[in-house]
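Colleague: Below: one structure in structure tokens.
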Amino acid sequence: MKVKVEFSGGLELLFDKATRLTVDVDEKTTIKDLIAYLKQNHLKEKPELFMSGDSVRPGILVLVNDVDWELLDGADYKVEPNDNVVFISTLHGG
Amino acid sequence: MLNHLMQEIVSPHSYRTISFFWSVLYIDIGAAVGLSEEERLERAGQVRDQFASREHGSQKEFYIMPLEYAFRNDGENCVEKMQDYLNSFKQLSAREDALRQLVQTAILNFAQENNFSNVITAESASNLSIRVITEICKGRGFNIPLITSYDDSSTHEGVRILRPLKDKLAKEIAFYNAVEKLKPVFIPDITTGTPLKSSVDRLVEEFISSLQANFPSTVHAILRTTEKLKVPNMQTVFNCVVCNSVLTRDERRSQEEAVNGLHTGDDLTNLQRLGKMSCYGCCRELDFFKSSENCSNLLSSKDDAPQQNKFVSERIAEGKTILEDFPIYVNDNIHKLIRMSREQVKESISEYLIEDQ
């Protein structure tokens, strides 16, 4: 299934300046899996600036269809077709 | 977010309209962070579009101030000069601090020269709490109440700094932008893409962000604590000549000694003397100016007499002073300080002076 992903606040620099991506993932993929998929397939440099453990680094917000992922199941939220997942860095200088 | 709120406040359609004239100042740090001319123009254009697109007929102007103007002097390439100055600090923390001082001074100088009474900045609670800890690490703890106040009534010669977003978390601001469909323009900084422990600021940011993720009251707890601190007395203020921060009594005493030790015709090439005229934080950073091995520890030197390091000697041989490497306002600050000190001395001995008939 296709899921839309967006990056802002400087995160796009880690993804070859791509601000939007459409990725094809399996059903029952969680956000945690999506983060691992992005690291594996799209992240170009410095994974430590995007990830901490198997989640995103503190200071990076995740919105799923304009809703804070903490109000959903966080990293365990299962993405659905055409979901829009936005990663926003609030860290200084990206 | 700040732009959006300001637009709402002055909009004739809003619930409550407040009338005032405001302008937007964009400090272009592109040359300091290695952006090309095209990239700088592109970003300035994006920022301008942000402000223009939401205009509700309010009266405002958009100014662009290239940061390198602080080094503008006849016949010199101010971009190169600024890059040389920043690169002279061999530690990223010191370089980052120097950049912040340049931006801060550029804003205040612009406001003073153009008769603005207030400067509104968009610092969030998250930024400020990080700043509090970094300034303590750098030795400028005395200035924390001024850095974190809503209304910096210390007045930088008639200009107040207001921080209306002071109690909003960076996360809240990001959500606001997302909900309102505002597209922030990303401006890279000097630490963009560098390792997490590359500078004091970056390390502290990582630390506070990690704490905040587990303990969501961290940021506000830091700021609430700083609110208990007493604001330095601004009536008898003497500032650091490099960063303009307020000096403690000891720092002021050291500054006074350095100024009183000056004699007519002295050049100001002595890096140690410049260190003594500065606050503790800047004095430490001057240790990293040009080369930490060339600059002996400024703080440990007992007097400002001619312990010229290799670099200074080279500069003198070239017929140049260290101050030529610094932004022009540092030179201005030193001359202002000397003038103020002389006036103070003159006042203290005024009753013994015989006036000309």
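So you can find residues: chains in the structure tokens are A, B, ... in the order shown, residues in each start at 1, and ligands are numbered from 1 in order.
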Got a sec to pull out which chain B residues are within 7 Å of chain A, counting only C-alpha atoms, and send them as a list in words?

Modeller: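 Every residue of chain B that passes the 7 Å test is in Ala170, Lys171, Phe186, Pro188, Asp189, Thr191, Thr192, Ser209, Ser210 and Ala213 of chain B.
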
Colleague: What lies within 12 Å of Asp73 of chain A using only C-alpha atoms, ignoring chain neighbours under 2 positions off, as a list in words?

Modeller: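 Skipping anything fewer than 2 positions along the chain leaves Thr30, Ile31, Lys32, Val62, Leu63, Val64, Val67, Asp68, Trp69, Glu70, Leu71, Ala75, Asp76, Tyr77, Lys78 and Val79 of chain A.
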
Colleague: Would you output that residue set with N, CA and C atoms, as a PDB file, in the first residue's frame?

Modeller:
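Output below, filename out-v4.pdb:
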```
ATOM      1  N   THR A  30       3.898  -0.691  10.962  1.00  0.00           N
ATOM      2  CA  THR A  30       3.755   0.318  12.022  1.00  0.00           C
ATOM      3  C   THR A  30       4.668   1.506  11.699  1.00  0.00           C
ATOM      4  N   ILE A  31       4.506   2.592  12.466  1.00  0.00           N
ATOM      5  CA  ILE A  31       5.379   3.749  12.243  1.00  0.00           C
ATOM      6  C   ILE A  31       6.828   3.340  12.512  1.00  0.00           C
ATOM      7  N   LYS A  32       7.008   2.475  13.508  1.00  0.00           N
ATOM      8  CA  LYS A  32       8.364   2.015  13.812  1.00  0.00           C
ATOM      9  C   LYS A  32       8.964   1.317  12.591  1.00  0.00           C
ATOM     10  N   VAL A  62       6.128  13.737  15.008  1.00  0.00           N
ATOM     11  CA  VAL A  62       5.512  12.927  13.955  1.00  0.00           C
ATOM     12  C   VAL A  62       4.007  13.204  13.955  1.00  0.00           C
ATOM     13  N   LEU A  63       3.499  13.578  12.808  1.00  0.00           N
ATOM     14  CA  LEU A  63       2.057  13.792  12.653  1.00  0.00           C
ATOM     15  C   LEU A  63       1.528  12.769  11.658  1.00  0.00           C
ATOM     16  N   VAL A  64       0.427  12.139  12.022  1.00  0.00           N
ATOM     17  CA  VAL A  64      -0.215  11.219  11.074  1.00  0.00           C
ATOM     18  C   VAL A  64      -1.562  11.835  10.716  1.00  0.00           C
ATOM     19  N   VAL A  67      -2.477  14.581  12.950  1.00  0.00           N
ATOM     20  CA  VAL A  67      -2.708  14.230  14.362  1.00  0.00           C
ATOM     21  C   VAL A  67      -1.379  13.787  14.976  1.00  0.00           C
ATOM     22  N   ASP A  68      -1.107  14.295  16.184  1.00  0.00           N
ATOM     23  CA  ASP A  68       0.115  13.915  16.893  1.00  0.00           C
ATOM     24  C   ASP A  68       0.130  12.397  17.090  1.00  0.00           C
ATOM     25  N   TRP A  69       1.243  11.751  16.754  1.00  0.00           N
ATOM     26  CA  TRP A  69       1.290  10.283  16.860  1.00  0.00           C
ATOM     27  C   TRP A  69       1.140   9.823  18.306  1.00  0.00           C
ATOM     28  N   GLU A  70       1.426  10.716  19.267  1.00  0.00           N
ATOM     29  CA  GLU A  70       1.279  10.331  20.680  1.00  0.00           C
ATOM     30  C   GLU A  70      -0.193  10.130  21.043  1.00  0.00           C
ATOM     31  N   LEU A  71      -1.086  10.750  20.262  1.00  0.00           N
ATOM     32  CA  LEU A  71      -2.518  10.563  20.510  1.00  0.00           C
ATOM     33  C   LEU A  71      -3.019   9.283  19.845  1.00  0.00           C
ATOM     34  N   ALA A  75       4.698   4.855  18.154  1.00  0.00           N
ATOM     35  CA  ALA A  75       5.469   4.081  17.170  1.00  0.00           C
ATOM     36  C   ALA A  75       4.755   2.790  16.759  1.00  0.00           C
ATOM     37  N   ASP A  76       3.750   2.361  17.548  1.00  0.00           N
ATOM     38  CA  ASP A  76       3.052   1.107  17.220  1.00  0.00           C
ATOM     39  C   ASP A  76       1.816   1.321  16.337  1.00  0.00           C
ATOM     40  N   TYR A  77       1.557   2.579  15.983  1.00  0.00           N
ATOM     41  CA  TYR A  77       0.398   2.859  15.118  1.00  0.00           C
ATOM     42  C   TYR A  77       0.581   2.161  13.762  1.00  0.00           C
ATOM     43  N   LYS A  78      -0.458   1.476  13.323  1.00  0.00           N
ATOM     44  CA  LYS A  78      -0.382   0.786  12.021  1.00  0.00           C
ATOM     45  C   LYS A  78      -0.862   1.733  10.922  1.00  0.00           C
ATOM     46  N   VAL A  79       0.031   1.993   9.989  1.00  0.00           N
ATOM     47  CA  VAL A  79      -0.339   2.938   8.935  1.00  0.00           C
ATOM     48  C   VAL A  79      -1.381   2.317   8.008  1.00  0.00           C
TER      49      VAL A  79
END
```

Colleague: I need the strand (DSSP E) residues of segment 49-294 of chain B per DSSP on the backbone, written as JSON, numbers by chain.

Modeller: {"B": [62, 63, 64, 65, 66, 118, 119, 120, 151, 152, 160, 161, 162]}

Colleague: Would you list, as a PyMOL selection string, the residues of segment 32-83 of chain A that end up in alpha helix (DSSP H) under DSSP run on this structure's backbone?

Modeller: chain A and resi 32-41

Colleague: What does the file look like for those residues with all heavy atoms, as a PDB file, in the first residue's frame?

Modeller:
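Final output, saved to result-v3.pdb:
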```
ATOM      1  N   LYS A  32       7.008   2.475  13.508  1.00  0.00           N
ATOM      2  CA  LYS A  32       8.364   2.015  13.812  1.00  0.00           C
ATOM      3  C   LYS A  32       8.964   1.317  12.591  1.00  0.00           C
ATOM      4  O   LYS A  32      10.114   1.570  12.224  1.00  0.00           O
ATOM      5  CB  LYS A  32       8.300   1.027  15.003  1.00  0.00           C
ATOM      6  CG  LYS A  32       9.640   0.791  15.660  1.00  0.00           C
ATOM      7  CD  LYS A  32       9.587  -0.396  16.602  1.00  0.00           C
ATOM      8  CE  LYS A  32       8.844  -0.091  17.875  1.00  0.00           C
ATOM      9  NZ  LYS A  32       8.784  -1.246  18.787  1.00  0.00           N
ATOM     10  N   ASP A  33       8.164   0.482  11.938  1.00  0.00           N
ATOM     11  CA  ASP A  33       8.638  -0.194  10.724  1.00  0.00           C
ATOM     12  C   ASP A  33       8.911   0.817   9.611  1.00  0.00           C
ATOM     13  O   ASP A  33       9.878   0.691   8.856  1.00  0.00           O
ATOM     14  CB  ASP A  33       7.582  -1.198  10.206  1.00  0.00           C
ATOM     15  CG  ASP A  33       7.266  -2.259  11.249  1.00  0.00           C
ATOM     16  OD1 ASP A  33       8.156  -2.558  12.056  1.00  0.00           O
ATOM     17  OD2 ASP A  33       6.121  -2.763  11.251  1.00  0.00           O
ATOM     18  N   LEU A  34       8.029   1.818   9.546  1.00  0.00           N
ATOM     19  CA  LEU A  34       8.184   2.841   8.500  1.00  0.00           C
ATOM     20  C   LEU A  34       9.499   3.596   8.691  1.00  0.00           C
ATOM     21  O   LEU A  34      10.215   3.874   7.718  1.00  0.00           O
ATOM     22  CB  LEU A  34       6.993   3.807   8.539  1.00  0.00           C
ATOM     23  CG  LEU A  34       7.005   4.928   7.511  1.00  0.00           C
ATOM     24  CD1 LEU A  34       6.868   4.381   6.086  1.00  0.00           C
ATOM     25  CD2 LEU A  34       5.895   5.934   7.778  1.00  0.00           C
ATOM     26  N   ILE A  35       9.805   3.919   9.957  1.00  0.00           N
ATOM     27  CA  ILE A  35      11.060   4.630  10.244  1.00  0.00           C
ATOM     28  C   ILE A  35      12.252   3.762   9.804  1.00  0.00           C
ATOM     29  O   ILE A  35      13.188   4.244   9.168  1.00  0.00           O
ATOM     30  CB  ILE A  35      11.139   4.974  11.756  1.00  0.00           C
ATOM     31  CG1 ILE A  35      10.078   6.026  12.105  1.00  0.00           C
ATOM     32  CG2 ILE A  35      12.525   5.493  12.129  1.00  0.00           C
ATOM     33  CD1 ILE A  35       9.864   6.223  13.591  1.00  0.00           C
ATOM     34  N   ALA A  36      12.187   2.469  10.122  1.00  0.00           N
ATOM     35  CA  ALA A  36      13.272   1.558   9.728  1.00  0.00           C
ATOM     36  C   ALA A  36      13.361   1.474   8.201  1.00  0.00           C
ATOM     37  O   ALA A  36      14.460   1.460   7.619  1.00  0.00           O
ATOM     38  CB  ALA A  36      13.019   0.179  10.327  1.00  0.00           C
ATOM     39  N   TYR A  37      12.202   1.463   7.544  1.00  0.00           N
ATOM     40  CA  TYR A  37      12.165   1.397   6.077  1.00  0.00           C
ATOM     41  C   TYR A  37      12.808   2.657   5.473  1.00  0.00           C
ATOM     42  O   TYR A  37      13.593   2.574   4.529  1.00  0.00           O
ATOM     43  CB  TYR A  37      10.708   1.270   5.617  1.00  0.00           C
ATOM     44  CG  TYR A  37      10.526   1.303   4.121  1.00  0.00           C
ATOM     45  CD1 TYR A  37      10.621   0.146   3.349  1.00  0.00           C
ATOM     46  CD2 TYR A  37      10.268   2.515   3.471  1.00  0.00           C
ATOM     47  CE1 TYR A  37      10.469   0.196   1.977  1.00  0.00           C
ATOM     48  CE2 TYR A  37      10.124   2.574   2.095  1.00  0.00           C
ATOM     49  CZ  TYR A  37      10.213   1.411   1.351  1.00  0.00           C
ATOM     50  OH  TYR A  37      10.070   1.464  -0.021  1.00  0.00           O
ATOM     51  N   LEU A  38      12.461   3.824   6.070  1.00  0.00           N
ATOM     52  CA  LEU A  38      13.015   5.076   5.551  1.00  0.00           C
ATOM     53  C   LEU A  38      14.530   5.094   5.730  1.00  0.00           C
ATOM     54  O   LEU A  38      15.271   5.542   4.863  1.00  0.00           O
ATOM     55  CB  LEU A  38      12.385   6.284   6.279  1.00  0.00           C
ATOM     56  CG  LEU A  38      10.925   6.557   5.940  1.00  0.00           C
ATOM     57  CD1 LEU A  38      10.355   7.622   6.872  1.00  0.00           C
ATOM     58  CD2 LEU A  38      10.771   7.002   4.483  1.00  0.00           C
ATOM     59  N   LYS A  39      14.974   4.591   6.880  1.00  0.00           N
ATOM     60  CA  LYS A  39      16.419   4.555   7.131  1.00  0.00           C
ATOM     61  C   LYS A  39      17.107   3.641   6.101  1.00  0.00           C
ATOM     62  O   LYS A  39      18.141   3.992   5.540  1.00  0.00           O
ATOM     63  CB  LYS A  39      16.677   4.037   8.545  1.00  0.00           C
ATOM     64  CG  LYS A  39      18.151   4.025   8.894  1.00  0.00           C
ATOM     65  CD  LYS A  39      18.433   3.259  10.156  1.00  0.00           C
ATOM     66  CE  LYS A  39      19.934   3.135  10.373  1.00  0.00           C
ATOM     67  NZ  LYS A  39      20.272   2.171  11.403  1.00  0.00           N
ATOM     68  N   GLN A  40      16.495   2.528   5.860  1.00  0.00           N
ATOM     69  CA  GLN A  40      17.074   1.544   4.967  1.00  0.00           C
ATOM     70  C   GLN A  40      17.099   2.018   3.513  1.00  0.00           C
ATOM     71  O   GLN A  40      18.096   1.839   2.806  1.00  0.00           O
ATOM     72  CB  GLN A  40      16.221   0.260   5.054  1.00  0.00           C
ATOM     73  CG  GLN A  40      16.811  -0.945   4.371  1.00  0.00           C
ATOM     74  CD  GLN A  40      18.024  -1.472   5.127  1.00  0.00           C
ATOM     75  OE1 GLN A  40      18.053  -1.411   6.356  1.00  0.00           O
ATOM     76  NE2 GLN A  40      19.022  -1.940   4.401  1.00  0.00           N
ATOM     77  N   ASN A  41      16.021   2.662   3.085  1.00  0.00           N
ATOM     78  CA  ASN A  41      15.868   2.937   1.657  1.00  0.00           C
ATOM     79  C   ASN A  41      16.033   4.389   1.225  1.00  0.00           C
ATOM     80  O   ASN A  41      16.282   4.643   0.045  1.00  0.00           O
ATOM     81  CB  ASN A  41      14.486   2.450   1.191  1.00  0.00           C
ATOM     82  CG  ASN A  41      14.332   0.966   1.369  1.00  0.00           C
ATOM     83  OD1 ASN A  41      14.948   0.180   0.670  1.00  0.00           O
ATOM     84  ND2 ASN A  41      13.533   0.569   2.356  1.00  0.00           N
TER      85      ASN A  41
END
```

Colleague: Between atom CA of Ser129 of chain B and atom CA of Thr218 of chain B, what is the spacing in Å?

Modeller: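 Calculated distance between atom CA of Thr218 of chain B and atom CA of Ser129 of chain B is 8.8 Å.
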
Colleague: So, counting only C-alpha atoms, which residue among B:Ser245, B:Asn331, B:Gln272, B:Ser23 is closest to Asn114 of chain B?

Modeller: B:Ser23

Colleague: Extract, using only C-alpha atoms, all DNA, RNA and protein residues at most 9 Å from Ser93 of chain B, discarding same-chain residues fewer than 4 positions from it, and format them as a PyMOL selection string.

Modeller: chain B and resi 89+97-98+198-202+285

Colleague: Name all residues at most 12 Å from Tyr85 of chain B (count only C-alpha atoms; drop same-chain ones fewer than 2 positions away) and give them as a tab-separated table (two decimals) with N, CA, C and O atoms, in the first residue's frame.

Modeller:
```tsv
chain	number	residue	atom	x	y	z
B	32	ALA	N	27.65	33.22	6.32
B	32	ALA	CA	28.33	32.60	7.47
B	32	ALA	C	28.20	31.08	7.43
B	32	ALA	O	29.03	30.37	7.99
B	68	GLU	N	27.08	40.12	7.10
B	68	GLU	CA	28.45	40.59	6.88
B	68	GLU	C	28.58	42.12	6.94
B	68	GLU	O	29.68	42.65	6.95
B	70	ALA	N	28.24	43.88	9.35
B	70	ALA	CA	28.93	44.25	10.59
B	70	ALA	C	30.42	44.44	10.35
B	70	ALA	O	31.12	44.98	11.19
B	71	PHE	N	30.90	44.00	9.17
B	71	PHE	CA	32.33	44.10	8.87
B	71	PHE	C	32.57	45.07	7.71
B	71	PHE	O	33.66	45.11	7.15
B	78	CYS	N	33.63	42.27	2.73
B	78	CYS	CA	33.11	42.01	4.09
B	78	CYS	C	32.67	40.55	4.27
B	78	CYS	O	32.69	40.04	5.38
B	79	VAL	N	32.32	39.87	3.16
B	79	VAL	CA	31.94	38.46	3.29
B	79	VAL	C	33.17	37.65	3.74
B	79	VAL	O	33.12	36.88	4.70
B	80	GLU	N	34.28	37.87	3.04
B	80	GLU	CA	35.51	37.16	3.41
B	80	GLU	C	35.94	37.49	4.82
B	80	GLU	O	36.39	36.64	5.58
B	81	LYS	N	35.80	38.77	5.16
B	81	LYS	CA	36.23	39.21	6.48
B	81	LYS	C	35.42	38.52	7.57
B	81	LYS	O	35.96	38.08	8.59
B	82	MET	N	34.11	38.41	7.33
B	82	MET	CA	33.27	37.75	8.33
B	82	MET	C	33.61	36.27	8.42
B	82	MET	O	33.71	35.71	9.52
B	83	GLN	N	33.81	35.65	7.26
B	83	GLN	CA	34.15	34.22	7.28
B	83	GLN	C	35.48	33.99	7.98
B	83	GLN	O	35.63	33.05	8.77
B	87	ASN	N	35.90	31.78	11.28
B	87	ASN	CA	36.82	30.64	11.19
B	87	ASN	C	38.00	30.78	12.14
B	87	ASN	O	38.72	29.82	12.40
B	88	SER	N	38.22	32.02	12.63
B	88	SER	CA	39.32	32.24	13.56
B	88	SER	C	39.06	31.55	14.89
B	88	SER	O	39.98	31.28	15.65
B	89	PHE	N	37.79	31.29	15.18
B	89	PHE	CA	37.47	30.57	16.41
B	89	PHE	C	37.59	29.09	16.13
B	89	PHE	O	36.85	28.54	15.32
B	90	LYS	N	38.56	28.47	16.77
B	90	LYS	CA	38.89	27.10	16.40
B	90	LYS	C	37.93	26.07	16.98
B	90	LYS	O	38.03	24.91	16.68
B	94	ALA	N	32.58	28.15	20.20
B	94	ALA	CA	32.96	29.57	20.19
B	94	ALA	C	32.47	30.23	18.90
B	94	ALA	O	31.99	31.37	18.90
B	95	ARG	N	32.56	29.51	17.79
B	95	ARG	CA	32.12	30.05	16.50
B	95	ARG	C	30.61	30.28	16.50
B	95	ARG	O	30.12	31.29	16.03
B	96	GLU	N	29.90	29.32	17.07
B	96	GLU	CA	28.45	29.43	17.13
B	96	GLU	C	28.04	30.62	18.00
B	96	GLU	O	27.11	31.36	17.68
B	98	ALA	N	29.90	33.30	18.54
B	98	ALA	CA	30.26	34.52	17.82
B	98	ALA	C	29.17	34.86	16.80
B	98	ALA	O	28.80	36.02	16.62
B	99	LEU	N	28.65	33.83	16.14
B	99	LEU	CA	27.59	34.05	15.15
B	99	LEU	C	26.33	34.61	15.83
B	99	LEU	O	25.71	35.55	15.32
B	102	LEU	N	26.79	38.21	16.58
B	102	LEU	CA	26.68	39.04	15.37
B	102	LEU	C	25.22	39.29	15.02
B	102	LEU	O	24.82	40.41	14.70
B	286	LEU	N	37.80	34.00	23.58
B	286	LEU	CA	38.96	34.60	22.91
B	286	LEU	C	40.18	33.69	23.03
B	286	LEU	O	41.12	33.79	22.25
B	288	PHE	N	40.13	30.77	22.19
B	288	PHE	CA	40.09	29.93	21.00
B	288	PHE	C	40.21	30.75	19.72
B	288	PHE	O	39.99	30.25	18.62
B	289	PHE	N	40.51	32.04	19.88
B	289	PHE	CA	40.61	32.89	18.71
B	289	PHE	C	41.93	32.62	18.00
B	289	PHE	O	42.99	32.62	18.62
B	290	LYS	N	41.86	32.41	16.71
B	290	LYS	CA	43.00	32.07	15.84
B	290	LYS	C	43.54	30.67	16.15
B	290	LYS	O	43.44	29.78	15.37
B	322	ILE	N	44.56	43.62	16.08
B	322	ILE	CA	43.60	42.52	16.22
B	322	ILE	C	42.19	43.00	15.96
B	322	ILE	O	41.36	42.29	15.39
B	323	LEU	N	41.93	44.23	16.36
B	323	LEU	CA	40.56	44.74	16.22
B	323	LEU	C	40.10	44.79	14.78
B	323	LEU	O	38.91	44.77	14.51
B	324	GLU	N	41.04	44.84	13.86
B	324	GLU	CA	40.64	44.86	12.45
B	324	GLU	C	40.00	43.54	12.04
B	324	GLU	O	39.32	43.47	11.03
B	325	ASP	N	40.24	42.48	12.81
B	325	ASP	CA	39.63	41.19	12.51
B	325	ASP	C	38.24	41.07	13.13
B	325	ASP	O	37.49	40.18	12.77
B	326	PHE	N	37.93	41.94	14.05
B	326	PHE	CA	36.65	41.87	14.75
B	326	PHE	C	35.61	42.73	14.04
B	326	PHE	O	35.96	43.63	13.27
B	327	PRO	N	34.32	42.48	14.34
B	327	PRO	CA	33.30	43.36	13.75
B	327	PRO	C	33.51	44.81	14.20
B	327	PRO	O	34.06	45.04	15.28
B	328	ILE	N	33.07	45.71	13.37
B	328	ILE	CA	33.34	47.13	13.64
B	328	ILE	C	32.76	47.56	14.98
B	328	ILE	O	33.34	48.40	15.69
```

Colleague: Between B:Gln46, B:Asn239, B:Ser350, B:Thr226, which has the minimum distance to Pro145 of chain B (counting only C-alpha atoms)?

Modeller: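 Among the listed residues, the smallest separation from Pro145 of chain B belongs to B:Thr226.
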